[in-house]
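Note sheet for the following structure.
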2 protein chains.
Amino acid sequence: MAATMRDVKNRTGLSLATISKYLNGGNVLPENKVLIEKAIEELHYEVNEMARGLVKHQTKLVGVMVYDVESYFSGKLLHYIGQELRKHGYGMLSCDSCNDEEIEAENLRFLISRKVDGIIVLPVSRRSTFLKPARQNKIPIILVDRSFQDEEFDCVGIDNKIAAYRAVEILLKHNHRDIAVIASNVEYTGIERIKGYEEAVTQAGIPLREEYIKTGRHIAEVGYEKMKELLASPNRPTAVLMGNYDIMLGGVLAVNESKFSCPEDISLIGFDNLMITGLISPSWYMVEQPMGKICRKAVELLLRRVEGKEEEAPIKICFGTKIQTGDSIRTLA
Amino acid sequence: MAATMRDVKNRTGLSLATISKYLNGGNVLPENKVLIEKAIEELHYEVNEMARGLVKHQTKLVGVMVYDVESYFSGKLLHYIGQELRKHGYGMLSCDSCNDEEIEAENLRFLISRKVDGIIVLPVSRRSTFLKPARQNKIPIILVDRSFQDEEFDCVGIDNKIAAYRAVEILLKHNHRDIAVIASNVEYTGIERIKGYEEAVTQAGIPLREEYIKTGRHIAEVGYEKMKELLASPNRPTAVLMGNYDIMLGGVLAVNESKFSCPEDISLIGFDNLMITGLISPSWYMVEQPMGKICRKAVELLLRRVEGKEEEAPIKICFGTKIQTGDSIRTLA
DNA sequence: AGAGCAAAGTGAAACGGTTCGTGAGAGGGA
DNA sequence: TCCCTCTCACGAACCGTTTCACTTTGCTCT
């Protein structure tokens with residue numbers, strides 16, 4: 001059995017209150033300080049954060065729910081958020097929603113029963129209803145990357161419409177006019193990106209074509225299937241915007257398997273940066289999100305809520321994006 | 001403030017003991033059961049796992065420490081372990097050691113003060129000394145993938161020597177004789193793999209060449225640098241075994257940047273499977289670890305320790321590996 | 001020397017659960 | 001009808017901290 005404060009008390013002859021004061025940085029006589037430190041050392045005493053949490057009504061634990069840990073984007077997010085949280089003395093309880101709304105709802109209950117101080121969520125669901133139990137328990141929530149229309153939550157991310165708009169702009173500058181998009185239509189983010197695409201194309205005076213707008217779930221398989229459809233089409237586009245990391249993964253796989261090559265036959269621009277960029281030939285044009293900044297801001301915002309400066313209004317924070325250049329776009333005549 | 005058992009008690013008129021019995025699946029009169037369920041529903045009551053843990057001396061939390069979350073291997077591991085843990089009602093507290101021994105030691109203290117029930121670790125350090133505090137606190141520990149020589153811990157992984165041996169065997173079968181290896185020499189796993197390489201080469205009657213054995217830290221940069229050295233060497237090898245995922249990442253990057261191409265000029269075989277395999281041309285030969293199995297076993301073993309069947313002796317479990325074929329090896333005349 | 005006052009120390013009551021030893025009531029057999 | 005047994009319910013103690021309201025200690029100042 002691990003040592004407790006009572007053991008330290010017995011060894012030093014001091015009271016629990018004094019030990020507690022020492023542990024929390026209060027003033028203690030130098031000789032007592034030495035005494036306590038010696039006892040802690042000898043007993044290998046470590047504060048029981050659980051007991052502390054019980055009386056302080058905080059666990060120093062933050063729940064992080066991501067739509068799919070296997071996705072590179074989620075993994076990266078977990079990395080940054082975990083690091084940032086630790087810096088502030090918080091632990092991270094991560095949950096994988098496996099792209100499944102039911103699992104997501106169940107994960108939330110789990111986090112609530114764990115009494116986490118706050119939750120950061122990169123959601124699967126399109127509607128915020130599943131977050132209700134957390135609301136009822138007054139647990140602060142920060143949305144990352146994806147937002148909802150139907151209710152007001154704090155949210156940190158990028159302006160997806162503008163980001164997609166800029167990506168299409170690049171393609172237009174290379175004289176492409178037959179531009180398609182493959183994106184997710186199951187979450188707000190994807191829908192915004194499609195809007196950005198439509199706006200850019202329309203503003204360039206090009207009529208929108210139904211067949212050039214491919215949508216589906218936020219998974220690699222969708223990218224793969226839809227890219228195949230585009231390549232097989234009699235009106236094969238000259239360029240494609242792939243609206244998120246997973247779709248890009250599938251899309252490029254489809255191109256590699258086909259008789260067409262990039263950028264000779266088809267120009268590509270993707271979303272979200274990859275660690276593996278250097279491994280791929282040709283290197284890609286990509287819309288890059290400032291993941292580090294996003295995560296730092298999300299944690300900062302959450303902790304402000306947790307520490308309870310009762311600022312009511314939900315805050316939405318948008319960061320700008322960068323375009324990473326590559327060889328995946330061909331300039332047309 | 002969230003509802004507590006006391007609220008349920010007041011609403012039902014029953015005692016705390018009865019509510020507790022209900023919550024833990026004990027027998028309660030049907031009418032009381034209905035009463036309790038109604039109260040829980042109305043109050044949105046959720047058990048406070050922290051308070052429960054305090055008296056039961058368990059947090060239902062497992063710490064998982066990985067050497068570097070950014071590494072694909074670590075991410076995958078976290079995914080499987082987290083999933084498995086949840087299945088058993090445990091939460092996962094994940095820590096990133098950032099390839100730094102000091103951070104690793106600090107993370108351990110963090111987990112101990114969090115009173116985790118057990119720890120699964122994919123270590124950075126080569127020596128087990130940093131795990132001492134956990135030992136003193138009698139927290140069960142399972143090592144995954146990497147092991148130590150100097151002390152006895154439970155460990156789940158693969159037989160690294162044999163895996164590397166088999167990889168070299170493949171190269172030999174394709175008539176390669178000038179075979180180099182790039183691997184990590186900072187941890188047991190890498191050292192074992194180098195041994196497997198040496199054994200296979202020696203047994204084929206080929207003398208070992210100092211210049212063909214490149215070692216360094218377990219990071220992509222090492223793979224990049226060492227591969228460059230090999231390619232620039234007057235005795236350029238015809239084939240290279242890349243001893244882990246990160247080194248492979250760097251190694252392939254170096255080849256792509258060079259005037260040489262794979263498999264025409266140089267044959268490659270790597271370690272650990274990638275999600276992105278399909279994206280890369282040529283597709284790679286790789287030694288594949290059964291990650292799912294490894295993680296399931298690690299969790300199973302840990303939970304057995306946690307539940308305290310006091311089997312003393314440390315257990316080492318080795319799974320077999322598979323070779324994934326690809327186009328990255330050329331058959332020599 | 002004695003009053004006054006910080007600074008440091010203390011005991012006890014929480015926090016939200018579990019569990020153990022008892023007690024009350026229902027049902028069954030003689 | 002009485003006794004025994006079985007099922008549920010209950011009160012109180014406890015888990016390892018923090019914190020509140022005091023008390024003690026040791027100085028300084030007059």
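Simple scheme: letters A, B, ... for chains in structure tokens order, numbers from 1 for residues in each chain, numbers from 1 for ligands in the order shown.
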TODO: Write out as a PyMOL selection string each polymer residue whose atoms come within 12 Å of Val69 (chain A), counting only C-alpha atoms (C1' of nucleotides); drop sequence neighbours fewer than 5 positions from it.
DONE: (chain A and resi 64+74-79+94-99+122-124+246) or (chain B and resi 69+72+74-83)
Coordinates of chain B after Cα superposition on chain A, as a compact mmCIF listing (two decimals) with C-alpha atoms, in the first residue's frame:
# COMPACT_ATOMS: atom_id res chain seq x y z
CA MET B 1 0.01 -0.02 -0.06
CA ALA B 2 1.39 3.37 -1.04
CA ALA B 3 2.30 5.88 1.66
CA THR B 4 -0.31 8.47 2.65
CA MET B 5 -0.20 11.84 4.33
CA ARG B 6 -0.99 10.08 7.56
CA ASP B 7 2.28 8.18 7.30
CA VAL B 8 4.14 11.43 6.84
CA LYS B 9 2.27 12.83 9.81
CA ASN B 10 3.26 9.94 12.05
CA ARG B 11 6.87 10.08 10.98
CA THR B 12 7.19 13.81 11.54
CA GLY B 13 4.86 14.25 14.51
CA LEU B 14 3.24 17.16 12.72
CA SER B 15 -0.43 17.49 11.90
CA LEU B 16 -2.14 16.68 8.63
CA ALA B 17 -2.94 20.34 8.17
CA THR B 18 0.71 21.29 8.30
CA ILE B 19 1.74 18.61 5.82
CA SER B 20 -1.00 19.74 3.52
CA LYS B 21 0.14 23.32 3.83
CA TYR B 22 3.67 22.30 2.92
CA LEU B 23 2.49 20.31 -0.08
CA ASN B 24 0.53 23.26 -1.36
CA GLY B 25 3.38 25.71 -1.01
CA GLY B 26 2.34 27.36 2.26
CA ASN B 27 4.74 28.63 4.91
CA VAL B 28 6.22 26.06 7.23
CA LEU B 29 9.10 26.41 9.73
CA PRO B 30 12.44 25.54 8.10
CA GLU B 31 13.08 22.68 10.50
CA ASN B 32 9.65 21.23 9.82
CA LYS B 33 10.21 21.60 6.13
CA VAL B 34 13.36 19.50 6.36
CA LEU B 35 11.51 16.98 8.48
CA ILE B 36 8.67 16.65 6.01
CA GLU B 37 10.94 16.42 3.01
CA LYS B 38 12.93 13.68 4.64
CA ALA B 39 9.81 11.70 5.48
CA ILE B 40 8.43 12.08 1.97
CA GLU B 41 11.71 10.92 0.54
CA GLU B 42 11.94 7.89 2.78
CA LEU B 43 8.32 6.87 2.34
CA HIS B 44 8.28 7.54 -1.42
CA TYR B 45 5.16 9.51 -0.70
CA GLU B 46 3.23 10.94 -3.64
CA VAL B 47 0.09 13.02 -3.34
CA ASN B 48 -3.05 11.10 -4.19
CA GLU B 49 -4.54 13.38 -6.79
CA MET B 50 -7.78 11.48 -6.62
CA ALA B 51 -8.40 12.22 -2.97
CA ARG B 52 -7.35 15.78 -3.51
CA GLY B 53 -9.73 16.06 -6.42
CA LEU B 54 -12.57 14.75 -4.33
CA VAL B 55 -12.46 17.64 -1.91
CA LYS B 56 -11.40 20.30 -4.40
CA HIS B 57 -14.06 19.25 -6.86
CA GLN B 58 -11.66 18.92 -9.70
CA THR B 59 -9.82 16.01 -11.23
CA LYS B 60 -7.18 17.92 -13.18
CA LEU B 61 -8.24 15.64 -15.99
CA VAL B 62 -9.44 16.80 -19.38
CA GLY B 63 -11.30 14.53 -21.77
CA VAL B 64 -10.39 14.66 -25.44
CA MET B 65 -12.70 12.98 -27.92
CA VAL B 66 -11.58 12.60 -31.51
CA TYR B 67 -13.56 11.22 -34.40
CA ASP B 68 -10.98 8.60 -35.27
CA VAL B 69 -7.58 8.03 -33.71
CA GLU B 70 -6.39 6.18 -36.77
CA SER B 71 -6.70 9.33 -38.79
CA TYR B 72 -3.49 11.25 -38.98
CA PHE B 73 -5.29 14.47 -38.18
CA SER B 74 -6.65 13.15 -34.91
CA GLY B 75 -3.31 11.74 -33.90
CA LYS B 76 -1.57 15.01 -34.45
CA LEU B 77 -4.22 16.80 -32.46
CA LEU B 78 -3.87 14.41 -29.54
CA HIS B 79 -0.16 15.01 -29.58
CA TYR B 80 -0.37 18.77 -29.33
CA ILE B 81 -3.25 18.89 -26.89
CA GLY B 82 -1.75 16.31 -24.59
CA GLN B 83 1.51 18.17 -24.46
CA GLU B 84 -0.14 21.48 -23.77
CA LEU B 85 -2.37 20.04 -21.09
CA ARG B 86 0.55 18.47 -19.26
CA LYS B 87 2.31 21.81 -19.23
CA HIS B 88 -0.56 23.09 -17.14
CA GLY B 89 -0.59 20.08 -14.84
CA TYR B 90 -3.60 18.43 -16.41
CA GLY B 91 -3.85 14.85 -17.58
CA MET B 92 -5.54 13.82 -20.80
CA LEU B 93 -8.18 11.13 -21.05
CA SER B 94 -8.43 10.41 -24.75
CA CYS B 95 -11.36 8.68 -26.41
CA ASP B 96 -11.71 7.37 -29.92
CA SER B 97 -15.15 7.79 -31.40
CA CYS B 98 -14.31 5.44 -34.29
CA ASN B 99 -16.42 7.58 -36.65
CA ASP B 100 -19.50 6.30 -34.88
CA GLU B 101 -22.09 8.54 -33.25
CA GLU B 102 -23.14 5.95 -30.71
CA ILE B 103 -19.62 5.35 -29.54
CA GLU B 104 -19.20 9.08 -29.32
CA ALA B 105 -22.21 9.46 -27.05
CA GLU B 106 -21.03 6.60 -24.90
CA ASN B 107 -17.57 8.10 -24.63
CA LEU B 108 -19.11 11.27 -23.34
CA ARG B 109 -20.86 9.45 -20.53
CA PHE B 110 -17.61 7.80 -19.70
CA LEU B 111 -15.85 11.13 -19.42
CA ILE B 112 -18.64 12.57 -17.32
CA SER B 113 -18.53 9.71 -14.86
CA ARG B 114 -14.78 10.30 -14.73
CA LYS B 115 -15.65 13.83 -13.66
CA VAL B 116 -13.24 15.44 -16.10
CA ASP B 117 -12.81 19.17 -15.59
CA GLY B 118 -13.42 19.91 -19.25
CA ILE B 119 -13.79 18.32 -22.66
CA ILE B 120 -12.19 19.06 -25.98
CA VAL B 121 -14.01 17.47 -28.85
CA LEU B 122 -13.34 16.84 -32.50
CA PRO B 123 -16.81 15.48 -33.18
CA VAL B 124 -18.26 12.82 -35.42
CA SER B 125 -21.86 13.89 -35.10
CA ARG B 126 -23.30 16.76 -37.10
CA ARG B 127 -25.62 17.83 -34.33
CA SER B 128 -24.66 18.88 -30.87
CA THR B 129 -27.40 16.95 -29.09
CA PHE B 130 -25.03 14.27 -27.89
CA LEU B 131 -23.24 16.90 -25.80
CA LYS B 132 -26.30 17.58 -23.67
CA PRO B 133 -25.26 15.42 -20.70
CA ALA B 134 -22.05 17.41 -20.42
CA ARG B 135 -23.97 20.65 -20.49
CA GLN B 136 -26.24 19.46 -17.73
CA ASN B 137 -23.20 18.66 -15.68
CA LYS B 138 -21.81 22.11 -16.43
CA ILE B 139 -18.63 20.72 -17.91
CA PRO B 140 -16.94 23.24 -20.21
CA ILE B 141 -16.61 22.08 -23.80
CA ILE B 142 -14.39 23.31 -26.59
CA LEU B 143 -14.95 22.21 -30.16
CA VAL B 144 -11.91 21.87 -32.36
CA ASP B 145 -11.86 21.96 -36.14
CA ARG B 146 -15.52 21.10 -36.48
CA SER B 147 -18.41 23.22 -35.32
CA PHE B 148 -22.19 22.97 -35.19
CA GLN B 149 -24.88 25.21 -36.51
CA ASP B 150 -27.61 24.35 -34.05
CA GLU B 151 -26.13 25.45 -30.75
CA GLU B 152 -23.52 27.76 -29.42
CA PHE B 153 -20.23 26.29 -28.30
CA ASP B 154 -16.71 27.59 -27.98
CA CYS B 155 -14.82 26.61 -31.08
CA VAL B 156 -11.26 26.83 -32.36
CA GLY B 157 -10.35 26.13 -35.96
CA ILE B 158 -9.83 27.68 -39.34
CA ASP B 159 -12.15 29.45 -41.71
CA ASN B 160 -12.90 26.49 -43.90
CA LYS B 161 -14.76 28.38 -46.57
CA ILE B 162 -11.90 30.77 -47.15
CA ALA B 163 -9.33 27.97 -47.05
CA ALA B 164 -11.13 26.04 -49.78
CA TYR B 165 -11.66 29.23 -51.72
CA ARG B 166 -7.92 29.93 -51.73
CA ALA B 167 -7.13 26.39 -52.81
CA VAL B 168 -9.42 26.69 -55.82
CA GLU B 169 -7.88 30.07 -56.56
CA ILE B 170 -4.51 28.38 -56.96
CA LEU B 171 -5.96 25.94 -59.47
CA LEU B 172 -7.59 28.78 -61.37
CA LYS B 173 -4.27 30.62 -61.52
CA HIS B 174 -2.81 27.58 -63.22
CA ASN B 175 -5.54 27.99 -65.82
CA HIS B 176 -7.67 25.08 -64.73
CA ARG B 177 -11.38 25.42 -65.37
CA ASP B 178 -12.61 21.85 -65.09
CA ILE B 179 -12.18 21.66 -61.36
CA ALA B 180 -13.80 19.02 -59.19
CA VAL B 181 -14.01 18.66 -55.44
CA ILE B 182 -14.26 15.61 -53.20
CA ALA B 183 -15.26 16.46 -49.67
CA SER B 184 -17.17 15.29 -46.68
CA ASN B 185 -20.78 16.34 -46.38
CA VAL B 186 -21.36 14.79 -42.99
CA GLU B 187 -19.91 17.58 -40.93
CA TYR B 188 -19.94 21.32 -40.84
CA THR B 189 -16.29 21.63 -41.84
CA GLY B 190 -16.71 19.74 -45.07
CA ILE B 191 -19.87 21.60 -45.95
CA GLU B 192 -18.11 24.92 -45.47
CA ARG B 193 -15.28 23.80 -47.71
CA ILE B 194 -17.69 22.86 -50.44
CA LYS B 195 -19.24 26.31 -50.14
CA GLY B 196 -15.79 27.86 -50.54
CA TYR B 197 -15.22 25.76 -53.64
CA GLU B 198 -18.54 26.77 -55.13
CA GLU B 199 -17.95 30.42 -54.42
CA ALA B 200 -14.52 30.45 -56.04
CA VAL B 201 -15.69 28.60 -59.13
CA THR B 202 -18.78 30.75 -59.53
CA GLN B 203 -16.86 33.98 -59.07
CA ALA B 204 -14.49 32.88 -61.82
CA GLY B 205 -17.48 32.76 -64.11
CA ILE B 206 -17.48 28.99 -64.37
CA PRO B 207 -20.86 27.30 -64.05
CA LEU B 208 -21.14 24.76 -61.27
CA ARG B 209 -21.37 21.15 -62.41
CA GLU B 210 -23.21 18.65 -60.29
CA GLU B 211 -20.91 15.84 -61.44
CA TYR B 212 -17.84 17.69 -60.22
CA ILE B 213 -19.02 17.93 -56.63
CA LYS B 214 -18.44 14.57 -54.97
CA THR B 215 -19.38 14.07 -51.36
CA GLY B 216 -19.54 11.34 -48.75
CA ARG B 217 -18.25 10.38 -45.35
CA HIS B 218 -14.96 11.58 -43.95
CA ILE B 219 -12.99 8.43 -44.79
CA ALA B 220 -10.34 7.30 -47.23
CA GLU B 221 -12.71 4.92 -49.02
CA VAL B 222 -14.86 7.83 -50.16
CA GLY B 223 -11.84 9.58 -51.60
CA TYR B 224 -10.89 6.40 -53.42
CA GLU B 225 -14.33 5.73 -54.91
CA LYS B 226 -15.09 9.28 -55.91
CA MET B 227 -11.71 9.81 -57.48
CA LYS B 228 -12.25 6.68 -59.55
CA GLU B 229 -15.60 8.03 -60.69
CA LEU B 230 -14.02 11.32 -61.70
CA LEU B 231 -11.21 9.64 -63.60
CA ALA B 232 -13.63 7.38 -65.45
CA SER B 233 -15.96 10.20 -66.36
CA PRO B 234 -16.16 11.28 -70.01
CA ASN B 235 -15.77 14.84 -68.72
CA ARG B 236 -12.72 14.09 -66.68
CA PRO B 237 -11.73 17.20 -64.70
CA THR B 238 -8.21 18.56 -65.07
CA ALA B 239 -7.91 19.32 -61.38
CA VAL B 240 -9.36 18.05 -58.12
CA LEU B 241 -9.54 19.59 -54.66
CA MET B 242 -9.53 16.91 -51.97
CA GLY B 243 -11.32 18.30 -48.98
CA ASN B 244 -9.61 16.59 -46.08
CA TYR B 245 -6.74 14.37 -45.12
CA ASP B 246 -8.53 11.05 -45.24
CA ILE B 247 -10.18 11.69 -48.55
CA MET B 248 -6.84 12.80 -49.94
CA LEU B 249 -5.31 9.52 -48.85
CA GLY B 250 -7.90 7.54 -50.76
CA GLY B 251 -7.89 9.89 -53.71
CA VAL B 252 -4.19 9.66 -54.32
CA LEU B 253 -4.36 5.90 -53.98
CA ALA B 254 -6.98 5.83 -56.76
CA VAL B 255 -4.82 7.99 -59.01
CA ASN B 256 -1.77 5.82 -58.39
CA GLU B 257 -3.71 2.73 -59.31
CA SER B 258 -5.10 4.25 -62.48
CA LYS B 259 -3.51 4.76 -65.87
CA PHE B 260 -3.47 8.48 -65.21
CA SER B 261 -0.68 10.30 -63.52
CA CYS B 262 -0.30 13.45 -61.53
CA PRO B 263 0.28 16.19 -62.52
CA GLU B 264 0.42 15.27 -66.24
CA ASP B 265 -3.16 14.05 -66.50
CA ILE B 266 -4.68 15.43 -63.38
CA SER B 267 -3.69 18.18 -60.96
CA LEU B 268 -4.33 17.73 -57.27
CA ILE B 269 -4.51 19.90 -54.19
CA GLY B 270 -5.22 18.51 -50.76
CA PHE B 271 -6.01 19.51 -47.22
CA ASP B 272 -4.02 19.23 -43.99
CA ASN B 273 -0.32 18.62 -43.83
CA LEU B 274 1.30 15.21 -43.76
CA MET B 275 4.41 14.15 -42.01
CA ILE B 276 5.11 11.89 -44.95
CA THR B 277 5.05 14.59 -47.58
CA GLY B 278 8.66 14.01 -48.52
CA LEU B 279 7.99 10.39 -49.30
CA ILE B 280 5.53 11.00 -52.01
CA SER B 281 6.23 11.82 -55.53
CA PRO B 282 5.11 14.23 -56.78
CA SER B 283 5.06 16.37 -53.66
CA TRP B 284 1.71 17.90 -53.07
CA TYR B 285 0.07 21.22 -52.99
CA MET B 286 -1.77 21.41 -49.73
CA VAL B 287 -3.81 23.64 -47.50
CA GLU B 288 -2.03 23.57 -44.18
CA GLN B 289 -3.71 24.17 -40.83
CA PRO B 290 -1.73 25.64 -37.94
CA MET B 291 -2.35 22.63 -35.70
CA GLY B 292 -0.01 23.73 -32.95
CA LYS B 293 -1.66 27.11 -32.64
CA ILE B 294 -5.14 25.66 -32.78
CA CYS B 295 -4.44 23.19 -30.01
CA ARG B 296 -2.70 25.68 -27.78
CA LYS B 297 -5.60 28.04 -28.13
CA ALA B 298 -8.15 25.32 -27.47
CA VAL B 299 -6.41 24.33 -24.25
CA GLU B 300 -6.00 27.93 -23.17
CA LEU B 301 -9.66 28.64 -23.75
CA LEU B 302 -10.78 25.49 -21.98
CA LEU B 303 -8.63 26.14 -18.95
CA ARG B 304 -10.01 29.66 -18.73
CA ARG B 305 -13.49 28.20 -18.66
CA VAL B 306 -12.49 25.58 -16.14
CA GLU B 307 -10.93 28.12 -13.85
CA GLY B 308 -14.31 29.71 -14.09
CA LYS B 309 -14.11 33.33 -15.10
CA GLU B 310 -17.78 33.22 -15.86
CA GLU B 311 -17.68 34.85 -19.28
CA GLU B 312 -20.93 33.65 -20.74
CA ALA B 313 -20.74 34.16 -24.48
CA PRO B 314 -19.31 31.36 -26.63
CA ILE B 315 -16.13 32.29 -28.46
CA LYS B 316 -15.27 31.24 -32.00
CA ILE B 317 -11.64 31.51 -32.99
CA CYS B 318 -10.44 31.15 -36.58
CA PHE B 319 -6.82 30.90 -37.61
CA GLY B 320 -5.51 31.53 -41.09
CA THR B 321 -4.16 28.75 -43.33
CA LYS B 322 -1.05 28.46 -45.43
CA ILE B 323 -0.73 26.91 -48.85
CA GLN B 324 2.12 24.48 -49.12
CA THR B 325 3.44 24.34 -52.65
CA GLY B 326 4.48 21.19 -54.47
CA ASP B 327 4.57 19.54 -57.88
CA SER B 328 1.06 18.20 -58.02
CA ILE B 329 -0.39 20.99 -60.14
CA ARG B 330 0.28 21.41 -63.82
CA THR B 331 -0.03 24.78 -65.50
CA LEU B 332 -2.40 24.55 -68.44
CA ALA B 333 -1.89 26.49 -71.61
TODO: Find the spatial neighbours of DG21 (chain C), counting only C-alpha atoms (C1' of nucleotides), within a cut-off of 12 Å - ignore same-chain residues fewer than 3 positions away - and output them as a ChimeraX atom specification.
DONE: /D:10-13
TODO: Going by DSSP on the backbone, which bits of region 222-327 of chain A are alpha helix (DSSP H)? Write them as a ChimeraX atom specification, please.
DONE: /A:222-232,245-257,291-306
Go ahead and write the selection's residues with N, CA and C atoms as a compact mmCIF listing (two decimals), in the first residue's frame.
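Listing of selection_9.txt after writing:
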# COMPACT_ATOMS: atom_id res chain seq x y z
N VAL A 222 -14.10 6.88 -49.34
CA VAL A 222 -14.87 7.83 -50.14
C VAL A 222 -13.96 8.52 -51.14
N GLY A 223 -12.79 8.92 -50.67
CA GLY A 223 -11.83 9.57 -51.57
C GLY A 223 -11.47 8.65 -52.73
N TYR A 224 -11.28 7.40 -52.40
CA TYR A 224 -10.89 6.41 -53.40
C TYR A 224 -11.97 6.22 -54.45
N GLU A 225 -13.20 5.97 -54.00
CA GLU A 225 -14.33 5.73 -54.91
C GLU A 225 -14.61 6.94 -55.79
N LYS A 226 -14.69 8.08 -55.15
CA LYS A 226 -15.08 9.27 -55.89
C LYS A 226 -14.01 9.67 -56.90
N MET A 227 -12.77 9.50 -56.53
CA MET A 227 -11.70 9.82 -57.47
C MET A 227 -11.78 8.90 -58.68
N LYS A 228 -12.08 7.64 -58.42
CA LYS A 228 -12.24 6.70 -59.53
C LYS A 228 -13.35 7.15 -60.47
N GLU A 229 -14.46 7.56 -59.87
CA GLU A 229 -15.58 8.04 -60.68
C GLU A 229 -15.16 9.22 -61.55
N LEU A 230 -14.45 10.14 -60.94
CA LEU A 230 -14.01 11.33 -61.68
C LEU A 230 -13.08 10.95 -62.82
N LEU A 231 -12.16 10.04 -62.55
CA LEU A 231 -11.20 9.66 -63.57
C LEU A 231 -11.87 8.93 -64.73
N ALA A 232 -12.94 8.19 -64.40
CA ALA A 232 -13.62 7.40 -65.42
C ALA A 232 -14.63 8.23 -66.21
N TYR A 245 -7.89 15.29 -45.08
CA TYR A 245 -6.75 14.38 -45.10
C TYR A 245 -7.13 12.95 -45.51
N ASP A 246 -8.20 12.43 -44.94
CA ASP A 246 -8.55 11.04 -45.21
C ASP A 246 -8.97 10.84 -46.65
N ILE A 247 -9.75 11.77 -47.14
CA ILE A 247 -10.19 11.69 -48.53
C ILE A 247 -9.00 11.81 -49.48
N MET A 248 -8.06 12.65 -49.10
CA MET A 248 -6.86 12.81 -49.91
C MET A 248 -6.09 11.50 -50.00
N LEU A 249 -6.02 10.81 -48.87
CA LEU A 249 -5.32 9.53 -48.82
C LEU A 249 -5.91 8.56 -49.84
N GLY A 250 -7.23 8.44 -49.81
CA GLY A 250 -7.91 7.53 -50.73
C GLY A 250 -7.80 8.02 -52.16
N GLY A 251 -7.93 9.33 -52.34
CA GLY A 251 -7.91 9.89 -53.68
C GLY A 251 -6.58 9.63 -54.38
N VAL A 252 -5.51 9.85 -53.68
CA VAL A 252 -4.20 9.66 -54.29
C VAL A 252 -3.97 8.18 -54.59
N LEU A 253 -4.47 7.33 -53.72
CA LEU A 253 -4.36 5.90 -53.97
C LEU A 253 -5.04 5.54 -55.28
N ALA A 254 -6.22 6.10 -55.49
CA ALA A 254 -6.97 5.83 -56.72
C ALA A 254 -6.19 6.31 -57.95
N VAL A 255 -5.58 7.49 -57.86
CA VAL A 255 -4.80 8.01 -58.99
C VAL A 255 -3.62 7.09 -59.26
N ASN A 256 -2.92 6.70 -58.20
CA ASN A 256 -1.76 5.83 -58.36
C ASN A 256 -2.11 4.51 -59.04
N GLU A 257 -3.28 4.02 -58.72
CA GLU A 257 -3.69 2.74 -59.29
C GLU A 257 -4.17 2.85 -60.73
N MET A 291 -1.91 23.52 -36.77
CA MET A 291 -2.37 22.60 -35.72
C MET A 291 -1.89 23.00 -34.32
N GLY A 292 -0.61 23.33 -34.25
CA GLY A 292 -0.06 23.69 -32.95
C GLY A 292 -0.81 24.86 -32.33
N LYS A 293 -0.98 25.89 -33.13
CA LYS A 293 -1.69 27.09 -32.65
C LYS A 293 -3.10 26.75 -32.24
N ILE A 294 -3.77 25.98 -33.07
CA ILE A 294 -5.17 25.63 -32.80
C ILE A 294 -5.27 24.92 -31.45
N CYS A 295 -4.38 23.96 -31.25
CA CYS A 295 -4.46 23.17 -30.02
C CYS A 295 -4.12 24.01 -28.79
N ARG A 296 -3.10 24.83 -28.93
CA ARG A 296 -2.73 25.67 -27.79
C ARG A 296 -3.90 26.57 -27.40
N LYS A 297 -4.53 27.13 -28.42
CA LYS A 297 -5.65 28.03 -28.15
C LYS A 297 -6.81 27.28 -27.51
N ALA A 298 -7.06 26.09 -28.01
CA ALA A 298 -8.17 25.29 -27.49
C ALA A 298 -7.96 25.01 -26.00
N VAL A 299 -6.74 24.62 -25.66
CA VAL A 299 -6.44 24.32 -24.26
C VAL A 299 -6.55 25.59 -23.42
N GLU A 300 -6.01 26.65 -23.93
CA GLU A 300 -6.05 27.91 -23.19
C GLU A 300 -7.49 28.32 -22.89
N LEU A 301 -8.30 28.24 -23.92
CA LEU A 301 -9.71 28.61 -23.78
C LEU A 301 -10.41 27.71 -22.78
N LEU A 302 -10.17 26.43 -22.90
CA LEU A 302 -10.81 25.47 -22.00
C LEU A 302 -10.43 25.75 -20.56
N LEU A 303 -9.15 25.94 -20.34
CA LEU A 303 -8.68 26.13 -18.97
C LEU A 303 -9.24 27.43 -18.39
N ARG A 304 -9.44 28.41 -19.24
CA ARG A 304 -10.04 29.64 -18.77
C ARG A 304 -11.48 29.36 -18.31
N ARG A 305 -12.17 28.56 -19.08
CA ARG A 305 -13.54 28.19 -18.70
C ARG A 305 -13.52 27.38 -17.41
N VAL A 306 -12.60 26.45 -17.33
CA VAL A 306 -12.52 25.58 -16.16
C VAL A 306 -12.26 26.41 -14.91
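The interatomic distance for the pair C1' of DC20 (chain D) and C1' of DA7 (chain C) works out to 17.2 Å.
Taking C1' of DG11 (chain C) and C1' of DG16 (chain D) as endpoints, the distance between them is 16.3 Å.
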Open item on the list: Residues of chain C within 9 Å of chain B, counting only C-alpha atoms (C1' of nucleotides) - could you list those as a VMD selection string?
Closed with: chain C and resid 15 to 19
Open item on the list: Show me, as a VMD selection string, the residues of chain D whose atoms get within 7 Å of chain B, using only C-alpha atoms (C1' of nucleotides) for the distance check.
Closed with: chain D and resid 8 to 10 15
